[in-house]
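The structure appears right after this line, and notes come after that.
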Amino acid sequence: MATIRANTISTKSLPNLTANDLEHEAIYIFREVAAQFENPVLLFSGGKDSITLVRLAQKAFYPAKIPFPLLHIDTGHNFKETIAFRDKLVADLGINLIVRYVQDSIDQGKVLEEQGKYASRNSLQTTTLLDAIEEFKFDACIGGARRDEEKARAKERIFSVRDDFGQWDEKNQRPEVFDMLNGHIDLGQNVRVFPISNWTELDVWSYIEKEKIEIPSLYFAHKRSTFIRDGLIWTAEDEVVFRSEDEAVQERWVRFRTVGDMSCTAAVESTADSIEKVVAEIRDSRISERGARIDDKRSEAAMEKRKQQGYF
Amino acid sequence: MMNVVKIATAGSVDDGKSTLIGRLLYDTNSLTEDKIDAIQKSSLKKGYDYLDFSLATDGLVAEREQGITIDVAHIYFSTRSRSYIIADTPGHVEYTRNMVTGASTSQVAIVLIDARKGVVEQTYRHFFINNLLRIKNVIVAINKMDLVDFSEQVYLDIKVQFEKLNSKSTYEEQQLHFIPVSALHGDNIAIKSERMPWYEGKPLLYHLEQLELTDVNDQGEARFPVQQVIRPKTAEFHDFRGYAGKVYGGSLEVGDEVAVLPTGTRSRIKDIYFYDQSFKRASSGNSVTLTLEDNINIARGDMLVRPNELPKVERAIEATICWMDNKPLTAGSKYILRHNTNQVLSKIELIRNVIATDYSGSEPASSLHLNQIGETSLKLSKPIYFDPYSSNKTNGAFILIDPQTNATSGVGFIH
């Protein structure tokens, strides 16, 4: 990390911006969280969106450290590259990482593992997350969700109040006027905060390129043993993804557009092995990023239902 | 790249707003294959023989069931030169609060008129809110021109009706653009329609691409509300004391003399930091960290300004309030008032009137109900440092928070 060079007189000016500059808006939101809440946490999945959040948080508080810990809800279905990346990042930042495991929630009998060939732990994360919020008494959970991802997300506020059960009441949301954010809550409630609400997938990728932010290698094209199901490409390198006998394994050049739970994250065929190529590919791409996530395809209202139940 | 144009739209399903938005998305290649696929499937299921672009924008389950929009939805599209976010709200009177919310962050509004119906009550309301919130650019899209034989006379008649409405506007600098369109068929959306050769102007998208984005207010007096104090307390930055915040209304430079409100204590700007880089000058919209020459006690809620550009500092204010809560606003009630990063207690001294959003005037009132707009007087527990909304939007607006429910109950525009 660079240090501020004191007593050097800069001749540079910051550019004129419109009120909606995405980076400056996100930094503003981070500072509002730190000022308005006692015990915030940054939900970190190891994906590009949460990595982008970390960079924005660094910018918001520099030269101070990020004033809250990271929380990773580990489904046990992570790509190993993601975990290695996470641990290195946390060590570099010198901040605290809390990990809570979906496996523990399963062992405690709080949730049941899904069965069948579409079995995923993605929706089981909710219970583990809510338990962690209660355990640490977090009053604000910062996440990397974006409004362009999915229809139900398009209505989400930047400060989204959840009740004691983690529920989202979409009909009773607080109006957010100008850039004033109302973080007043009752004991037991918490707020989900989305600093990059207004970003699109392309905005995130362009930012990663501009800022030279390191991201897990999974996002770049690589050779991988895969198989095809429902027109999507799945990894065959791990037993987490169920594969039936008639689904043939084949080596393909692929990359991932999201790196969440392996069991519900499909790859896309790609030769984009650098950030410049990935940005170019996204710019031309015609399939939305959640299109490669089977958990949203389950029904038209899939995301909305999960959110009402406290899903992130 | 990181600069975004926000567009406020309002209207009901009938005037073709969703179709217009869907068409903008389609014509700018902003709809992905899986979304076009979903639209095709849905259109087929409903037995349409055309692509129903309105399906591109439908949000929540309840809305799909009722076929209406119930909140502020955010819709994204981009061209080679700009990124856009549409804040889309329903146009009915019971959604006034959503329209105000959507308009509060928008630089441009699209007012949609059904060519067959002309200016209707809802048009008045949309325009009224665009006036109240002082949205600089208003595009009046006269839609469904295909259903009136692309008639120039229809277009001209509606333009005259609208100009009449505009004469009642309180915001003189507002820029109006009239465009005849057919959203369903794409006339004058992304490309100029050949079916309306009499229209000499540009298509809708062209107007959006050419909009002047910097607000005139941004060249004015700088306001720096302090969000928080940054104190690393590490060996390397032992004495560092920075003030984090966003610059509004004008720019600040290293060496500028500043007064700290409310105390009035003066100092000079020593450094302007953005992350680990130092800068000479920060203009409106920048989230920066400032350090000062002198060690002064500054906290969240304080404001830095140039001493010769002081805002008003007062404990009593006059404001137009848009009420957003089911529980009505009554004289004598107390709310938490958030103004920038500052927070004080407020008491409603007087409710003067309710203003009709159809420009038919105002009536005396003793309370403001959900979605009503009225003029009020407030008394504050401590002074706030404000400008009239007409000269600085951010420093002239506030929200009222119900101390019992924590709800954001209303938004105010200071006179």
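If you're wondering about the labels, chains in the structure tokens are A, B, ... by order shown, residues count from 1 in each chain, ligands from 1 in order shown.
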
Pick out the residues sitting within 9 Å of region 105-107 of chain A, and hand them over as a list in words; count only C-alpha atoms, and ignore anything fewer than 4 positions along from it in its own chain. Tyr101, Val111, Leu112, Glu113, Leu124, Gln125, Thr127, Thr128 and Asp131 of chain A

Please list as a VMD selection string every residue within 12 Å of Ile73 (chain A), counting only C-alpha atoms and excluding residues in the same chain fewer than 5 positions away. chain A and resid 42 to 46 78 83 97 to 105 121 to 133 260 to 261 311 to 312

Using only C-alpha atoms, which chain B residues lie at most 6 Å away from chain A, written as an MDAnalysis selection string? chainID B and resid 2:4 32:34 59:60 73:74 101 104:105 214 232 275:276 279:283 285:287 406 408

What are the DSSP strand (DSSP E) residues of region 28-191 of chain B, as a VMD selection string? chain B and resid 73 to 78 83 to 89 108 to 114 137 to 143 175 to 180

Could those residues be written to a file, using C-alpha atoms, as a PDB file, in the first residue's frame?
```
ATOM      1  CA  ALA B  73     -37.417   0.683 -10.177  1.00  0.00           C
ATOM      2  CA  HIS B  74     -33.937   1.260 -11.527  1.00  0.00           C
ATOM      3  CA  ILE B  75     -33.278   0.334 -15.113  1.00  0.00           C
ATOM      4  CA  TYR B  76     -29.894   0.391 -16.812  1.00  0.00           C
ATOM      5  CA  PHE B  77     -28.776   0.988 -20.325  1.00  0.00           C
ATOM      6  CA  SER B  78     -25.731   2.404 -21.981  1.00  0.00           C
ATOM      7  CA  SER B  83     -24.346   5.129 -19.041  1.00  0.00           C
ATOM      8  CA  TYR B  84     -27.922   5.757 -17.986  1.00  0.00           C
ATOM      9  CA  ILE B  85     -30.072   4.806 -15.033  1.00  0.00           C
ATOM     10  CA  ILE B  86     -33.804   5.273 -15.348  1.00  0.00           C
ATOM     11  CA  ALA B  87     -35.601   5.792 -12.032  1.00  0.00           C
ATOM     12  CA  ASP B  88     -39.055   4.661 -13.010  1.00  0.00           C
ATOM     13  CA  THR B  89     -42.101   5.423 -10.885  1.00  0.00           C
ATOM     14  CA  VAL B 108     -33.368  14.758 -16.704  1.00  0.00           C
ATOM     15  CA  ALA B 109     -37.035  13.815 -16.701  1.00  0.00           C
ATOM     16  CA  ILE B 110     -39.094  12.252 -19.449  1.00  0.00           C
ATOM     17  CA  VAL B 111     -42.747  13.265 -19.294  1.00  0.00           C
ATOM     18  CA  LEU B 112     -44.791  10.916 -21.436  1.00  0.00           C
ATOM     19  CA  ILE B 113     -48.022  12.022 -23.102  1.00  0.00           C
ATOM     20  CA  ASP B 114     -50.452   9.786 -24.980  1.00  0.00           C
ATOM     21  CA  ASN B 137     -33.962  19.088 -18.487  1.00  0.00           C
ATOM     22  CA  VAL B 138     -37.475  17.896 -19.248  1.00  0.00           C
ATOM     23  CA  ILE B 139     -38.160  15.843 -22.357  1.00  0.00           C
ATOM     24  CA  VAL B 140     -41.828  15.811 -23.293  1.00  0.00           C
ATOM     25  CA  ALA B 141     -42.319  12.623 -25.327  1.00  0.00           C
ATOM     26  CA  ILE B 142     -45.602  12.632 -27.191  1.00  0.00           C
ATOM     27  CA  ASN B 143     -46.161   8.912 -27.637  1.00  0.00           C
ATOM     28  CA  GLN B 175     -35.238  23.373 -20.556  1.00  0.00           C
ATOM     29  CA  LEU B 176     -38.138  21.739 -22.413  1.00  0.00           C
ATOM     30  CA  HIS B 177     -37.772  19.494 -25.456  1.00  0.00           C
ATOM     31  CA  PHE B 178     -40.806  18.160 -27.346  1.00  0.00           C
ATOM     32  CA  ILE B 179     -40.438  14.932 -29.320  1.00  0.00           C
ATOM     33  CA  PRO B 180     -43.180  13.023 -31.190  1.00  0.00           C
TER      34      PRO B 180
END
```

Shell of 6 Å around Thr376 (chain B), only C-alpha atoms, local chain residues under 5 positions omitted, as a ChimeraX atom specification: /B:318-319,350-352

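Every protein, DNA or RNA residue with an atom at most 7 Å from Asp302 (chain B), where only C-alpha atoms count and chain neighbours fewer than 5 positions away do not, is listed here: Pro225, Val226, Val260, Leu261, Pro262 and Asn342 of chain B.
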
Residues of region 162-229 of chain A in helix (DSSP H, G or I) according to DSSP, as a ChimeraX atom specification? /A:170-172,201-211,217-219

Please identify all polymer residues within 9 Å of Leu310 (chain B), counting only C-alpha atoms, omitting same-chain residues fewer than 6 positions from it, and present them as a JSON list (two decimals) with C-alpha atoms, in the first residue's frame.
```
[["chain", "number", "residue", "atom", "x", "y", "z"],
["B", 221, "GLU", "CA", -20.28, 28.28, -3.33],
["B", 259, "ALA", "CA", -14.82, 28.60, 8.40],
["B", 385, "TYR", "CA", -26.31, 25.66, 7.90]]
```

Min atom-atom distance to Val191 (chain A) from the set A:Phe220, A:Trp205, A:Trp168, A:Phe79, counting only C-alpha atoms, belongs to A:Trp168

May I ask for the distance between CA of Asn29 (chain B) and CA of Ser182 (chain B), given in Å to one decimal place? 18.4 Å

Name the residues in contact with Lys144 (chain B) at a cut-off of 12 Å, using only C-alpha atoms, excluding same-chain residues fewer than 2 positions from it; report them as a PyMOL selection string. chain B and resi 14-17+19-20+112-118+141-142+146-151+154-155+179-189

Next, dump the selected residues to file, keeping only N, CA and C atoms, as a CSV table (one decimal), in the first residue's frame.
```
chain,number,residue,atom,x,y,z
B,14,ASP,N,-50.7,2.5,-19.2
B,14,ASP,CA,-51.5,2.8,-20.4
B,14,ASP,C,-50.8,3.8,-21.3
B,15,ASP,N,-50.0,4.7,-20.8
B,15,ASP,CA,-49.4,5.6,-21.8
B,15,ASP,C,-48.1,5.1,-22.4
B,16,GLY,N,-47.8,3.9,-22.2
B,16,GLY,CA,-46.8,3.2,-22.9
B,16,GLY,C,-45.4,3.5,-22.4
B,17,LYS,N,-45.3,3.8,-21.1
B,17,LYS,CA,-44.0,4.1,-20.5
B,17,LYS,C,-43.1,2.9,-20.5
B,19,THR,N,-43.2,0.4,-22.4
B,19,THR,CA,-42.8,0.1,-23.8
B,19,THR,C,-41.7,1.1,-24.2
B,20,LEU,N,-41.8,2.3,-23.9
B,20,LEU,CA,-40.7,3.3,-24.2
B,20,LEU,C,-39.4,2.9,-23.6
B,112,LEU,N,-44.2,11.6,-20.3
B,112,LEU,CA,-44.8,10.9,-21.4
B,112,LEU,C,-46.2,11.3,-21.6
B,113,ILE,N,-46.6,11.6,-22.8
B,113,ILE,CA,-48.0,12.0,-23.1
B,113,ILE,C,-48.6,11.1,-24.2
B,114,ASP,N,-49.8,10.6,-24.0
B,114,ASP,CA,-50.5,9.8,-25.0
B,114,ASP,C,-51.0,10.8,-26.0
B,115,ALA,N,-50.6,10.6,-27.3
B,115,ALA,CA,-51.0,11.6,-28.3
B,115,ALA,C,-52.5,11.6,-28.5
B,116,ARG,N,-53.2,10.5,-28.1
B,116,ARG,CA,-54.7,10.5,-28.3
B,116,ARG,C,-55.4,11.3,-27.2
B,117,LYS,N,-54.7,11.4,-26.0
B,117,LYS,CA,-55.3,12.0,-24.9
B,117,LYS,C,-54.9,13.4,-24.6
B,118,GLY,N,-53.6,13.7,-25.0
B,118,GLY,CA,-53.1,15.1,-24.8
B,118,GLY,C,-52.7,15.2,-23.3
B,141,ALA,N,-42.2,13.6,-24.2
B,141,ALA,CA,-42.3,12.6,-25.3
B,141,ALA,C,-43.8,12.4,-25.6
B,142,ILE,N,-44.2,12.8,-26.8
B,142,ILE,CA,-45.6,12.6,-27.2
B,142,ILE,C,-45.7,11.3,-27.9
B,146,ASP,N,-48.3,6.8,-33.8
B,146,ASP,CA,-48.8,5.9,-34.9
B,146,ASP,C,-50.3,5.8,-34.8
B,147,LEU,N,-50.9,6.0,-33.6
B,147,LEU,CA,-52.4,5.9,-33.5
B,147,LEU,C,-53.1,7.2,-33.9
B,148,VAL,N,-52.4,8.3,-34.2
B,148,VAL,CA,-53.0,9.5,-34.6
B,148,VAL,C,-52.5,9.9,-36.0
B,149,ASP,N,-52.1,8.8,-36.8
B,149,ASP,CA,-51.6,9.0,-38.2
B,149,ASP,C,-50.4,9.9,-38.3
B,150,PHE,N,-49.6,9.9,-37.3
B,150,PHE,CA,-48.4,10.7,-37.3
B,150,PHE,C,-48.7,12.2,-37.6
B,151,SER,N,-49.8,12.7,-37.1
B,151,SER,CA,-50.3,14.0,-37.4
B,151,SER,C,-49.5,15.1,-36.7
B,154,VAL,N,-51.8,17.2,-34.3
B,154,VAL,CA,-51.9,16.7,-32.9
B,154,VAL,C,-50.8,17.0,-32.1
B,155,TYR,N,-49.6,16.9,-32.6
B,155,TYR,CA,-48.3,17.2,-31.9
B,155,TYR,C,-48.3,18.7,-31.5
B,179,ILE,N,-40.8,15.9,-28.3
B,179,ILE,CA,-40.4,14.9,-29.3
B,179,ILE,C,-41.7,14.0,-29.6
B,180,PRO,N,-42.1,14.0,-30.9
B,180,PRO,CA,-43.2,13.0,-31.2
B,180,PRO,C,-42.6,11.6,-31.4
B,181,VAL,N,-43.1,10.6,-30.7
B,181,VAL,CA,-42.5,9.3,-30.8
B,181,VAL,C,-43.6,8.2,-30.9
B,182,SER,N,-43.2,7.0,-31.4
B,182,SER,CA,-44.0,5.8,-31.2
B,182,SER,C,-43.0,4.8,-30.6
B,183,ALA,N,-43.2,4.6,-29.3
B,183,ALA,CA,-42.3,3.7,-28.6
B,183,ALA,C,-42.4,2.2,-29.2
B,184,LEU,N,-43.7,1.9,-29.5
B,184,LEU,CA,-43.9,0.5,-29.9
B,184,LEU,C,-43.2,0.2,-31.2
B,185,HIS,N,-43.1,1.2,-32.1
B,185,HIS,CA,-42.5,0.9,-33.4
B,185,HIS,C,-41.1,1.6,-33.5
B,186,GLY,N,-40.7,2.3,-32.5
B,186,GLY,CA,-39.3,2.8,-32.5
B,186,GLY,C,-39.1,4.1,-33.2
B,187,ASP,N,-40.2,4.8,-33.5
B,187,ASP,CA,-40.1,6.1,-34.2
B,187,ASP,C,-39.6,7.2,-33.3
B,188,ASN,N,-38.5,7.9,-33.8
B,188,ASN,CA,-37.9,8.9,-33.0
B,188,ASN,C,-37.4,8.5,-31.6
B,189,ILE,N,-37.1,7.3,-31.4
B,189,ILE,CA,-36.5,6.8,-30.2
B,189,ILE,C,-34.9,6.9,-30.3
```

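Those residues that approach Ala365 (chain B) to within 12 Å, counting only C-alpha atoms, are Pro328, Leu329, Thr330, Ala331, Leu350, Ile351, Arg352, Asn353, Val354, Ile355, Ala356, His369, Gln372, Ile373, Gly374, Glu375 and Thr376 of chain B; same-chain residues fewer than 4 positions away are not listed.
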